[in-house]
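Source file: upload.pdb; contents: PDB, C-alpha atoms and all ligand atoms.
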```
ATOM      1  CA  MET A 799      -0.519   5.811 -26.904
ATOM      2  CA  PRO A 800      -1.724   2.206 -27.233
ATOM      3  CA  LEU A 801      -1.545   0.166 -24.034
ATOM      4  CA  PRO A 802       0.338  -3.116 -23.717
ATOM      5  CA  PRO A 803      -2.187  -5.988 -23.644
ATOM      6  CA  LEU A 804      -3.286  -7.748 -20.476
ATOM      7  CA  GLY A 805      -1.199 -10.879 -20.205
ATOM      8  CA  PRO A 806      -0.412 -13.551 -17.685
ATOM      9  CA  ASP A 807       3.197 -12.865 -16.751
ATOM     10  CA  VAL A 808       3.684  -9.208 -16.022
ATOM     11  CA  VAL A 809       4.738  -9.365 -12.379
ATOM     12  CA  GLU A 810       8.295 -10.269 -13.294
ATOM     13  CA  GLU A 811       8.421  -7.288 -15.680
ATOM     14  CA  PHE A 812       7.205  -4.923 -12.946
ATOM     15  CA  THR A 813       9.808  -6.406 -10.619
ATOM     16  CA  ARG A 814      12.613  -5.934 -13.093
ATOM     17  CA  THR A 815      11.745  -2.491 -14.434
ATOM     18  CA  ILE A 816      10.113  -0.589 -11.556
ATOM     19  CA  TYR A 817       9.854  -1.949  -8.017
ATOM     20  CA  GLY A 818      12.772  -4.365  -7.711
ATOM     21  CA  ARG A 819      13.140  -7.829  -6.295
ATOM     22  CA  THR A 820      11.829  -8.449  -2.798
ATOM     23  CA  PRO A 821      14.144 -10.898  -1.072
ATOM     24  CA  ASP A 822      12.905 -13.983   0.722
ATOM     25  CA  GLY A 823      13.032 -14.103   4.464
ATOM     26  CA  GLY A 824      12.306 -11.706   7.260
ATOM     27  CA  LYS A 825      10.009 -13.401   9.746
ATOM     28  CA  LEU A 826       8.149 -12.047  12.717
ATOM     29  CA  SER A 827      10.220 -13.203  15.675
ATOM     30  CA  GLU A 828       8.604 -11.405  18.587
ATOM     31  CA  LEU A 829       5.404  -9.528  19.313
ATOM     32  CA  VAL A 830       5.191  -7.788  22.659
ATOM     33  CA  LEU A 831       1.922  -6.320  23.850
ATOM     34  CA  GLN A 832       2.672  -2.859  25.164
ATOM     35  CA  SER A 833      -0.790  -1.644  26.094
ATOM     36  CA  ARG A 834      -4.396  -2.549  25.791
ATOM     37  CA  GLU A 835      -7.372  -0.266  26.323
ATOM     38  CA  ASP A 836     -10.835  -1.744  26.117
ATOM     39  CA  GLY A 837     -13.929   0.100  25.035
ATOM     40  CA  VAL A 838     -12.218   3.199  23.652
ATOM     41  CA  LEU A 839     -14.194   4.972  20.895
ATOM     42  CA  ASP A 840     -17.687   5.029  22.419
ATOM     43  CA  GLY A 841     -17.212   1.660  24.028
ATOM     44  CA  ALA A 842     -17.249  -0.016  20.633
ATOM     45  CA  ALA A 843     -13.555  -0.598  20.026
ATOM     46  CA  ASP A 844     -10.479  -1.921  21.761
ATOM     47  CA  ARG A 845      -7.051  -0.431  21.149
ATOM     48  CA  LEU A 846      -3.871  -2.495  21.374
ATOM     49  CA  ARG A 847      -0.280  -1.422  20.921
ATOM     50  CA  HIS A 848       2.450  -3.931  20.153
ATOM     51  CA  ARG A 849       6.150  -3.807  19.459
ATOM     52  CA  ALA A 850       7.000  -6.204  16.643
ATOM     53  CA  THR A 851      10.444  -7.549  15.817
ATOM     54  CA  VAL A 852      11.221  -9.134  12.492
ATOM     55  CA  ALA A 853      14.329 -11.281  12.125
ATOM     56  CA  CYS A 854      16.046 -10.576   8.790
ATOM     57  CA  PRO A 855      19.207 -12.219   7.412
ATOM     58  CA  LEU A 856      21.539  -9.405   8.528
ATOM     59  CA  GLY A 857      19.800  -8.349  11.710
ATOM     60  CA  ASP A 858      16.539  -7.469  13.394
ATOM     61  CA  LEU A 859      14.055  -4.715  12.689
ATOM     62  CA  SER A 860      11.629  -3.512  15.342
ATOM     63  CA  PHE A 861       8.610  -1.289  14.861
ATOM     64  CA  ASP A 862       5.465  -0.264  16.710
ATOM     65  CA  THR A 863       1.973  -1.233  15.680
ATOM     66  CA  LEU A 864      -1.428   0.100  16.648
ATOM     67  CA  LEU A 865      -4.549  -2.029  16.380
ATOM     68  CA  HIS A 866      -8.174  -0.951  16.684
ATOM     69  CA  LEU A 867     -10.796  -3.639  16.624
ATOM     70  CA  PRO A 868     -14.507  -3.816  17.258
ATOM     71  CA  SER A 869     -15.115  -5.089  20.780
ATOM     72  CA  GLY A 870     -17.188  -8.240  21.036
ATOM     73  CA  GLY A 871     -19.119  -9.756  18.179
ATOM     74  CA  ASP A 872     -17.793 -11.714  15.237
ATOM     75  CA  ALA A 873     -14.177 -11.873  14.134
ATOM     76  CA  ALA A 874     -13.491  -8.672  12.226
ATOM     77  CA  PRO A 875     -11.771  -8.521   8.848
ATOM     78  CA  VAL A 876      -8.555  -6.552   9.231
ATOM     79  CA  ALA A 877      -7.333  -3.633   7.154
ATOM     80  CA  VAL A 878      -3.567  -3.052   7.233
ATOM     81  CA  ILE A 879      -2.163   0.367   6.403
ATOM     82  CA  LEU A 880       1.124   2.213   6.800
ATOM     83  CA  ASN A 881       0.820   5.766   8.062
ATOM     84  CA  PHE A 882       2.874   8.861   7.246
ATOM     85  CA  ASP A 883       3.221  10.617  10.585
ATOM     86  CA  GLY A 884       3.329   8.020  13.328
ATOM     87  CA  ASN A 885       0.736   5.836  15.004
ATOM     88  CA  ASP A 886      -0.472   8.517  17.405
ATOM     89  CA  GLN A 887      -1.255  10.865  14.535
ATOM     90  CA  THR A 888      -3.697   8.312  13.157
ATOM     91  CA  LEU A 889      -5.826   8.717  16.293
ATOM     92  CA  THR A 890      -7.016  11.976  14.785
ATOM     93  CA  GLY A 891      -6.173  11.261  11.132
ATOM     94  CA  PHE A 892      -8.039   7.992  10.544
ATOM     95  CA  PRO A 893     -11.839   7.724  10.990
ATOM     96  CA  TYR A 894     -11.445   4.794  13.393
ATOM     97  CA  GLU A 895     -14.914   5.144  14.857
ATOM     98  CA  LYS A 896     -16.611   4.774  11.478
ATOM     99  CA  ILE A 897     -14.295   1.976  10.343
ATOM    100  CA  VAL A 898     -14.924  -0.029  13.480
ATOM    101  CA  GLN A 899     -18.678   0.611  13.220
ATOM    102  CA  ALA A 900     -18.447  -0.839   9.717
ATOM    103  CA  GLY A 901     -17.084  -4.004  11.349
ATOM    104  CA  TYR A 902     -13.385  -3.705  10.423
ATOM    105  CA  ALA A 903     -10.242  -3.829  12.496
ATOM    106  CA  VAL A 904      -7.295  -1.601  11.492
ATOM    107  CA  LEU A 905      -3.627  -2.409  12.060
ATOM    108  CA  THR A 906      -1.114   0.324  11.300
ATOM    109  CA  ALA A 907       2.575   1.204  11.599
ATOM    110  CA  HIS A 908       4.671   4.226  10.684
ATOM    111  CA  TYR A 909       6.182   3.686   7.243
ATOM    112  CA  GLN A 910       9.548   5.212   8.078
ATOM    113  CA  GLN A 911      10.086   2.780  10.941
ATOM    114  CA  LEU A 912      10.323   0.151   8.206
ATOM    115  CA  GLU A 913      12.294   2.043   5.594
ATOM    116  CA  PRO A 914      13.383   5.707   5.661
ATOM    117  CA  ASP A 915      11.909   7.849   2.904
ATOM    118  CA  ASP A 916      15.260   9.303   1.968
ATOM    119  CA  PRO A 917      17.608   8.819  -0.986
ATOM    120  CA  ASN A 918      20.518   8.841   1.500
ATOM    121  CA  PRO A 919      19.058   7.394   4.674
ATOM    122  CA  PRO A 920      20.815   8.382   7.907
ATOM    123  CA  ALA A 921      20.373   4.807   9.139
ATOM    124  CA  PRO A 922      19.486   1.771   7.061
ATOM    125  CA  GLY A 923      15.943   0.461   7.115
ATOM    126  CA  VAL A 924      14.779  -2.990   6.173
ATOM    127  CA  ARG A 925      16.606  -2.835   2.847
ATOM    128  CA  GLY A 926      19.873  -2.730   4.757
ATOM    129  CA  LEU A 927      19.030  -5.985   6.487
ATOM    130  CA  PHE A 928      19.157  -8.169   3.398
ATOM    131  CA  PRO A 929      22.263  -9.096   1.434
ATOM    132  CA  ALA A 930      22.624  -7.035  -1.757
ATOM    133  CA  GLU A 931      19.211  -6.992  -3.371
ATOM    134  CA  SER A 932      18.001  -4.257  -5.663
ATOM    135  CA  TRP A 933      14.595  -3.214  -4.419
ATOM    136  CA  GLY A 934      13.177   0.241  -3.979
ATOM    137  CA  ALA A 935      11.590   1.797  -0.919
ATOM    138  CA  VAL A 936       8.084   1.239  -2.339
ATOM    139  CA  ALA A 937       8.787  -2.494  -2.398
ATOM    140  CA  ALA A 938      10.218  -2.318   1.129
ATOM    141  CA  TRP A 939       7.028  -0.639   2.373
ATOM    142  CA  ALA A 940       5.001  -3.304   0.559
ATOM    143  CA  TRP A 941       7.095  -5.910   2.390
ATOM    144  CA  GLY A 942       6.145  -4.113   5.621
ATOM    145  CA  LEU A 943       2.450  -4.379   4.769
ATOM    146  CA  SER A 944       2.862  -8.140   4.485
ATOM    147  CA  ARG A 945       4.583  -8.189   7.872
ATOM    148  CA  LEU A 946       1.592  -6.317   9.314
ATOM    149  CA  LEU A 947      -0.566  -9.120   7.981
ATOM    150  CA  ASP A 948       1.773 -11.659   9.625
ATOM    151  CA  ILE A 949       1.224  -9.815  12.871
ATOM    152  CA  ALA A 950      -2.554  -9.818  12.390
ATOM    153  CA  ALA A 951      -2.365 -13.556  11.715
ATOM    154  CA  THR A 952      -0.659 -14.184  15.047
ATOM    155  CA  LEU A 953      -3.575 -12.355  16.709
ATOM    156  CA  ASP A 954      -6.192 -14.177  14.630
ATOM    157  CA  GLY A 955      -8.819 -15.681  16.913
ATOM    158  CA  LEU A 956      -7.146 -14.278  20.002
ATOM    159  CA  ASP A 957      -8.467 -10.795  19.456
ATOM    160  CA  GLY A 958     -11.363 -11.423  17.131
ATOM    161  CA  LEU A 959      -9.528 -10.821  13.860
ATOM    162  CA  ASP A 960     -10.375 -12.535  10.597
ATOM    163  CA  VAL A 961      -7.273 -12.457   8.405
ATOM    164  CA  GLY A 962      -9.049 -14.516   5.746
ATOM    165  CA  ARG A 963     -10.719 -11.269   4.658
ATOM    166  CA  ALA A 964      -7.696  -8.987   4.860
ATOM    167  CA  VAL A 965      -7.603  -5.579   3.215
ATOM    168  CA  VAL A 966      -4.440  -3.685   2.275
ATOM    169  CA  ILE A 967      -4.911   0.043   1.834
ATOM    170  CA  GLY A 968      -2.615   2.997   1.273
ATOM    171  CA  HIS A 969      -2.569   6.637   0.269
ATOM    172  CA  SER A 970      -0.315   8.239  -2.321
ATOM    173  CA  ARG A 971       3.235   6.801  -2.156
ATOM    174  CA  LEU A 972       1.853   4.286   0.318
ATOM    175  CA  GLY A 973      -0.952   3.540  -2.146
ATOM    176  CA  LYS A 974       1.773   2.515  -4.606
ATOM    177  CA  ALA A 975       3.128   0.254  -1.857
ATOM    178  CA  ALA A 976      -0.356  -1.129  -1.115
ATOM    179  CA  LEU A 977      -0.766  -2.083  -4.779
ATOM    180  CA  TRP A 978       2.601  -3.811  -4.905
ATOM    181  CA  ALA A 979       1.767  -5.632  -1.656
ATOM    182  CA  GLY A 980      -1.583  -6.676  -3.132
ATOM    183  CA  VAL A 981       0.127  -8.013  -6.237
ATOM    184  CA  ARG A 982       2.737  -9.986  -4.318
ATOM    185  CA  ASP A 983       0.803 -11.276  -1.322
ATOM    186  CA  GLU A 984      -2.180 -13.424  -2.178
ATOM    187  CA  ARG A 985      -3.461 -13.318   1.372
ATOM    188  CA  PHE A 986      -4.905  -9.857   0.701
ATOM    189  CA  ALA A 987      -8.525 -10.307  -0.378
ATOM    190  CA  LEU A 988      -8.981  -6.620  -1.217
ATOM    191  CA  THR A 989      -6.346  -4.094  -2.292
ATOM    192  CA  VAL A 990      -7.207  -0.395  -2.012
ATOM    193  CA  SER A 991      -5.260   2.368  -3.712
ATOM    194  CA  ASN A 992      -5.998   5.956  -2.700
ATOM    195  CA  ASP A 993      -4.652   8.725  -4.954
ATOM    196  CA  SER A 994      -1.625   6.556  -5.730
ATOM    197  CA  GLY A 995      -0.939   8.212  -9.091
ATOM    198  CA  CYS A 996       2.300   7.679 -10.998
ATOM    199  CA  CYS A 997       3.713   4.164 -10.413
ATOM    200  CA  GLY A 998       0.461   3.426  -8.581
ATOM    201  CA  ALA A 999      -2.938   3.175 -10.243
ATOM    202  CA  SER A1000      -2.521   5.732 -13.048
ATOM    203  CA  LEU A1001      -1.407   4.906 -16.568
ATOM    204  CA  PHE A1002       2.071   5.993 -17.659
ATOM    205  CA  ARG A1003       0.706   6.284 -21.184
ATOM    206  CA  HIS A1004      -2.009   8.762 -20.191
ATOM    207  CA  PRO A1005      -0.339  12.174 -20.160
ATOM    208  CA  GLY A1006      -1.076  14.351 -17.136
ATOM    209  CA  GLY A1007       0.256  14.743 -13.635
ATOM    210  CA  GLU A1008       3.517  13.239 -12.462
ATOM    211  CA  ASP A1009       5.658  11.373 -14.989
ATOM    212  CA  ILE A1010       8.693   9.115 -14.826
ATOM    213  CA  GLU A1011      11.122  11.997 -15.180
ATOM    214  CA  ALA A1012       9.599  13.878 -12.231
ATOM    215  CA  ILE A1013       9.190  10.894  -9.925
ATOM    216  CA  THR A1014      12.650   9.422 -10.482
ATOM    217  CA  ARG A1015      14.308  12.832 -10.113
ATOM    218  CA  ARG A1016      12.658  13.578  -6.746
ATOM    219  CA  PHE A1017      12.387  10.044  -5.412
ATOM    220  CA  PRO A1018      15.182   7.937  -6.908
ATOM    221  CA  HIS A1019      15.137   5.658  -3.863
ATOM    222  CA  TRP A1020      11.545   4.486  -4.439
ATOM    223  CA  PHE A1021      12.413   2.245  -7.397
ATOM    224  CA  VAL A1022      15.236   0.294  -8.978
ATOM    225  CA  PRO A1023      17.853   2.741 -10.295
ATOM    226  CA  SER A1024      17.429   1.579 -13.899
ATOM    227  CA  PHE A1025      13.789   2.729 -13.920
ATOM    228  CA  ALA A1026      15.047   6.296 -14.491
ATOM    229  CA  GLN A1027      16.148   5.303 -17.993
ATOM    230  CA  TYR A1028      12.460   5.473 -19.007
ATOM    231  CA  ALA A1029      12.201   9.190 -18.167
ATOM    232  CA  GLY A1030      10.488  10.800 -21.166
ATOM    233  CA  LYS A1031      10.138   7.357 -22.780
ATOM    234  CA  GLU A1032       6.849   6.182 -21.279
ATOM    235  CA  ASP A1033       5.937   4.451 -24.536
ATOM    236  CA  GLU A1034       9.033   2.212 -24.254
ATOM    237  CA  LEU A1035       8.144   0.826 -20.822
ATOM    238  CA  PRO A1036       7.335  -2.870 -21.219
ATOM    239  CA  VAL A1037       4.366  -2.531 -18.845
ATOM    240  CA  ASP A1038       1.631  -0.141 -17.800
ATOM    241  CA  GLN A1039      -0.397   0.129 -14.644
ATOM    242  CA  HIS A1040      -3.653  -1.462 -15.832
ATOM    243  CA  GLN A1041      -1.564  -4.653 -15.992
ATOM    244  CA  LEU A1042      -0.512  -4.143 -12.380
ATOM    245  CA  LEU A1043      -4.164  -3.857 -11.313
ATOM    246  CA  ALA A1044      -5.118  -6.862 -13.446
ATOM    247  CA  SER A1045      -2.378  -9.002 -11.939
ATOM    248  CA  ILE A1046      -4.224  -8.851  -8.595
ATOM    249  CA  ALA A1047      -7.304 -10.571 -10.125
ATOM    250  CA  PRO A1048      -9.292 -12.604  -9.217
ATOM    251  CA  ARG A1049      -8.732 -10.960  -5.838
ATOM    252  CA  ARG A1050     -10.493  -7.610  -5.590
ATOM    253  CA  VAL A1051      -9.154  -4.108  -6.178
ATOM    254  CA  TYR A1052     -10.644  -0.714  -5.380
ATOM    255  CA  VAL A1053      -9.190   2.549  -6.699
ATOM    256  CA  CYS A1054     -10.046   5.935  -5.150
ATOM    257  CA  SER A1055      -9.351   9.161  -7.057
ATOM    258  CA  ALA A1056      -9.985  12.816  -6.239
ATOM    259  CA  GLU A1057     -11.097  15.456  -8.738
ATOM    260  CA  ASP A1058      -8.579  18.122  -7.747
ATOM    261  CA  ASP A1059      -5.615  15.754  -7.441
ATOM    262  CA  ALA A1060      -4.183  16.511 -10.879
ATOM    263  CA  TRP A1061      -0.668  15.371  -9.882
ATOM    264  CA  ALA A1062      -2.007  11.817  -9.385
ATOM    265  CA  ASP A1063      -3.876  12.007 -12.732
ATOM    266  CA  PRO A1064      -7.378  10.807 -11.738
ATOM    267  CA  GLU A1065      -8.353  10.292 -15.372
ATOM    268  CA  GLY A1066      -5.283   8.083 -15.882
ATOM    269  CA  GLU A1067      -6.409   6.079 -12.825
ATOM    270  CA  ARG A1068      -9.949   5.680 -14.189
ATOM    271  CA  LEU A1069      -8.627   4.549 -17.559
ATOM    272  CA  ALA A1070      -6.333   2.000 -15.875
ATOM    273  CA  VAL A1071      -9.319   0.561 -14.007
ATOM    274  CA  GLU A1072     -11.341   0.335 -17.225
ATOM    275  CA  ALA A1073      -8.464  -1.312 -19.076
ATOM    276  CA  ALA A1074      -7.969  -3.818 -16.232
ATOM    277  CA  ARG A1075     -11.671  -4.662 -15.917
ATOM    278  CA  PRO A1076     -11.650  -7.647 -18.334
ATOM    279  CA  ALA A1077      -9.307  -9.504 -15.941
ATOM    280  CA  PHE A1078     -11.853  -9.361 -13.114
ATOM    281  CA  GLY A1079     -15.274 -10.839 -12.421
ATOM    282  CA  PRO A1080     -18.292  -8.500 -12.545
ATOM    283  CA  ASP A1081     -17.615  -6.962  -9.114
ATOM    284  CA  GLY A1082     -13.893  -7.576  -8.970
ATOM    285  CA  ILE A1083     -12.688  -4.013  -9.415
ATOM    286  CA  GLY A1084     -14.269  -0.786  -8.185
ATOM    287  CA  TYR A1085     -13.541   2.897  -8.585
ATOM    288  CA  HIS A1086     -14.694   6.253  -7.335
ATOM    289  CA  LEU A1087     -13.853   9.842  -8.144
ATOM    290  CA  ARG A1088     -14.836  12.196  -5.346
ATOM    291  CA  PRO A1089     -14.667  15.985  -5.153
ATOM    292  CA  GLY A1090     -11.667  17.519  -3.407
ATOM    293  CA  GLY A1091      -7.934  17.035  -3.274
ATOM    294  CA  HIS A1092      -5.098  14.690  -2.401
ATOM    295  CA  ALA A1093      -6.034  12.995   0.889
ATOM    296  CA  LEU A1094      -7.352   9.780   2.378
ATOM    297  CA  LEU A1095     -10.750  10.892   3.642
ATOM    298  CA  GLU A1096     -13.495   9.147   5.563
ATOM    299  CA  GLU A1097     -15.446   8.941   2.307
ATOM    300  CA  ASP A1098     -12.571   7.010   0.693
ATOM    301  CA  TRP A1099     -12.337   4.554   3.575
ATOM    302  CA  MET A1100     -16.076   3.971   3.725
ATOM    303  CA  LYS A1101     -16.618   3.487   0.007
ATOM    304  CA  ALA A1102     -13.629   1.159  -0.279
ATOM    305  CA  LEU A1103     -14.664  -0.949   2.712
ATOM    306  CA  ALA A1104     -18.301  -1.067   1.546
ATOM    307  CA  PHE A1105     -16.969  -2.443  -1.723
TER     308      PHE A1105
HETATM  309  C1  LIG B   1       4.334  13.379  -4.208
HETATM  310  C2  LIG B   1       4.774  12.391  -5.233
HETATM  311  C3  LIG B   1       3.663  11.447  -5.536
HETATM  312  C4  LIG B   1       2.943  10.952  -4.291
HETATM  313  C5  LIG B   1       2.925  11.964  -3.167
HETATM  314  C6  LIG B   1       2.657  11.452  -1.761
HETATM  315  O1  LIG B   1       5.253  14.349  -3.965
HETATM  316  O2  LIG B   1       5.141  13.110  -6.359
HETATM  317  O3  LIG B   1       4.136  10.384  -6.332
HETATM  318  O4  LIG B   1       3.438   9.751  -3.887
HETATM  319  O5  LIG B   1       4.098  12.646  -3.059
HETATM  320  O6  LIG B   1       3.083  10.369  -1.364
HETATM  321  O7  LIG B   1       2.032  12.194  -1.016
END
```

Rewrite the coordinates I just gave you, this time as structure tokens.
Ligand code: GTR
Amino acid sequence: MPLPPLGPDVVEEFTRTIYGRTPDGGKLSELVLQSREDGVLDGAADRLRHRATVACPLGDLSFDTLLHLPSGGDAAPVAVILNFDGNDQTLTGFPYEKIVQAGYAVLTAHYQQLEPDDPNPPAPGVRGLFPAESWGAVAAWAWGLSRLLDIAATLDGLDGLDVGRAVVIGHSRLGKAALWAGVRDERFALTVSNDSGCCGASLFRHPGGEDIEAITRRFPHWFVPSFAQYAGKEDELPVDQHQLLASIAPRRVYVCSAEDDAWADPEGERLAVEAARPAFGPDGIGYHLRPGGHALLEEDWMKALAF
């Protein structure tokens, strides 16, 4: 299938057809330091936990954050990431030692503290705190990634963070959210998608892996309801995902794929990167395909951050 051309004004189309409209408002109102441990991780990193509260039009949302940063030395660029299983799980799940050795700080929060991953959430998340807007959970998580950057900005200087070189990174459904955050928030200097697949970095028009029918049937809450009308009609979508990647230019993008992750269609991700390349400078977009399956591995982190 031929791809729609790269053009200047695609963000509005992505808003309308897939992710929905992110409302204005929702400001960090309070950040409470809950604990600080210095010199954890071989003496090379400090670990801080905060409780953040964001004031939204219809109420407040509070969530916990976990920050690791290199101790001493120059201000560290910060990578923000939502995690799947809670902040404590990242202590074994993320390669913090290596990331910090590479000179980066990492700020994370649990994605479901921002918005439940449920078509019928037991309690409303952030989407319930704005007057009637149609935005999907992916967009709500992307909103959360921007709030993590707000939090990092309040710590800028204080704790040796450099938010001028901020990275947004995410895996799988949270890689979709990282891409949408990278599109919408120009403060992110580098956007990293890991195995984000359908509605992330892979092309709708490249057959293979998850398609619109499958994703909207299982996860109707991720997108605007009208997106489901494109099930089986990929060729009628007004956009495709190389345009999403290109709309981040001239800021940088890095896409990680895995050979055995057929559901995320690694070849469709590679083709999207190639089709987006003309929008970027020579080193503006990077890509790797590594052996193995669907996971955010140390190799993915290190190659993306080296980029
Ligand atoms: C799958 C879904 C994918 C991907 C993945 C994940 O079930 O079909 O789009 O997002 O979940 O987030 O792990």

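Proximity ranking of A:Val878, A:Leu946, A:Ala935, A:Leu826 relative to ligand LIG 1 (chain B) places A:Ala935 first, based on all atoms listed in the file.
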
Exercise. Neighbours of A:Val876 within 10 Å (all atoms listed in the file; same-chain residues fewer than 4 positions away dropped), as a list in words?
Worked result: Leu865, His866, Leu867, Gly901, Tyr902, Ala903, Val904, Leu905, Leu947, Ala950, Ala951, Asp954, Gly958, Leu959, Asp960, Val961, Gly962, Arg963, Ala964, Val965, Val966 and Phe986 of chain A

Exercise. When you draw a straight line from atom CA of A:Pro1005 to atom CA of A:Ala1060, how long is it in Å?
Worked result: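 Computed distance, atom CA of A:Pro1005 to atom CA of A:Ala1060, equals 10.9 Å.
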
Exercise. Residues picked by the PyMOL selection byres (((not hetatm)) within 9 of (chain B and resi 1)) here, as a ChimeraX atom specification?
Worked result: /A:882,969-974,993-998,1007-1009,1012-1013,1016-1017,1061-1062,1092-1093

For this session: Tell me which of A:Ala900, A:Thr888, A:Pro821, A:Arg1088 sits closest to A:Pro929, counting all atoms listed in the file.
Result: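 So, comparing all the options, the nearest one is A:Pro821.
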
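Between A:Val838 and the residues A:Glu811, A:Asp916, A:Glu895, A:Asp948, the shortest atom-to-atom distance, using all atoms listed in the file, involves A:Glu895.
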
Problem set entry | Using all atoms listed in the file: which of A:Pro802, A:Gly1066, A:Gly1079, A:Pro914 has the shortest distance to A:Val936 |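 So, comparing all the options, the nearest one is A:Pro914.
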
Problem set entry | Given the PyMOL selection byres (((chain A and resi 1090) around 10) and not hetatm), the residues it picks as a PyMOL selection string | chain A and resi 1055-1059+1087-1089+1091-1093+1095

Provide an axis-aligned box for all listed atoms of stretch 959-972 of chain A, padding each side by 6 Å; report its centre and its edge lengths in Å to one decimal, as lines of an AutoDock Vina configuration file.
```
center_x = -3.7
center_y = -3.1
center_z = 5.8
size_x = 26.0
size_y = 34.8
size_z = 28.2
```

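Proximity to A:Leu1001 at 9 Å, evaluated using all atoms listed in the file and with sequence-adjacent residues fewer than 6 positions away removed, yields Leu801, Gly995, Asp1038, Gln1039, His1040, Asp1063, Glu1065, Gly1066, Glu1067, Arg1068, Leu1069 and Ala1070 of chain A.
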
Exercise. Using the chain letters and numbers from the file, which residues does the PyMOL selection byres (((chain A and resi 1046) around 9) and not hetatm) grab, as a ChimeraX atom specification?
Worked result: /A:977,980-982,984,989,1041-1045,1047-1051,1077-1078

Seminar exercise, completed: Of A:Ser944, A:Gln899, A:Thr820, A:Ser827, the one nearest to A:Asp858 when counting all atoms listed in the file is A:Ser827

Exercise. Interatomic distance between atom CA of A:Ala938 and atom CA of A:Asp862?
Worked result: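 Value for the atom CA of A:Ala938-atom CA of A:Asp862 distance: 16.4 Å.
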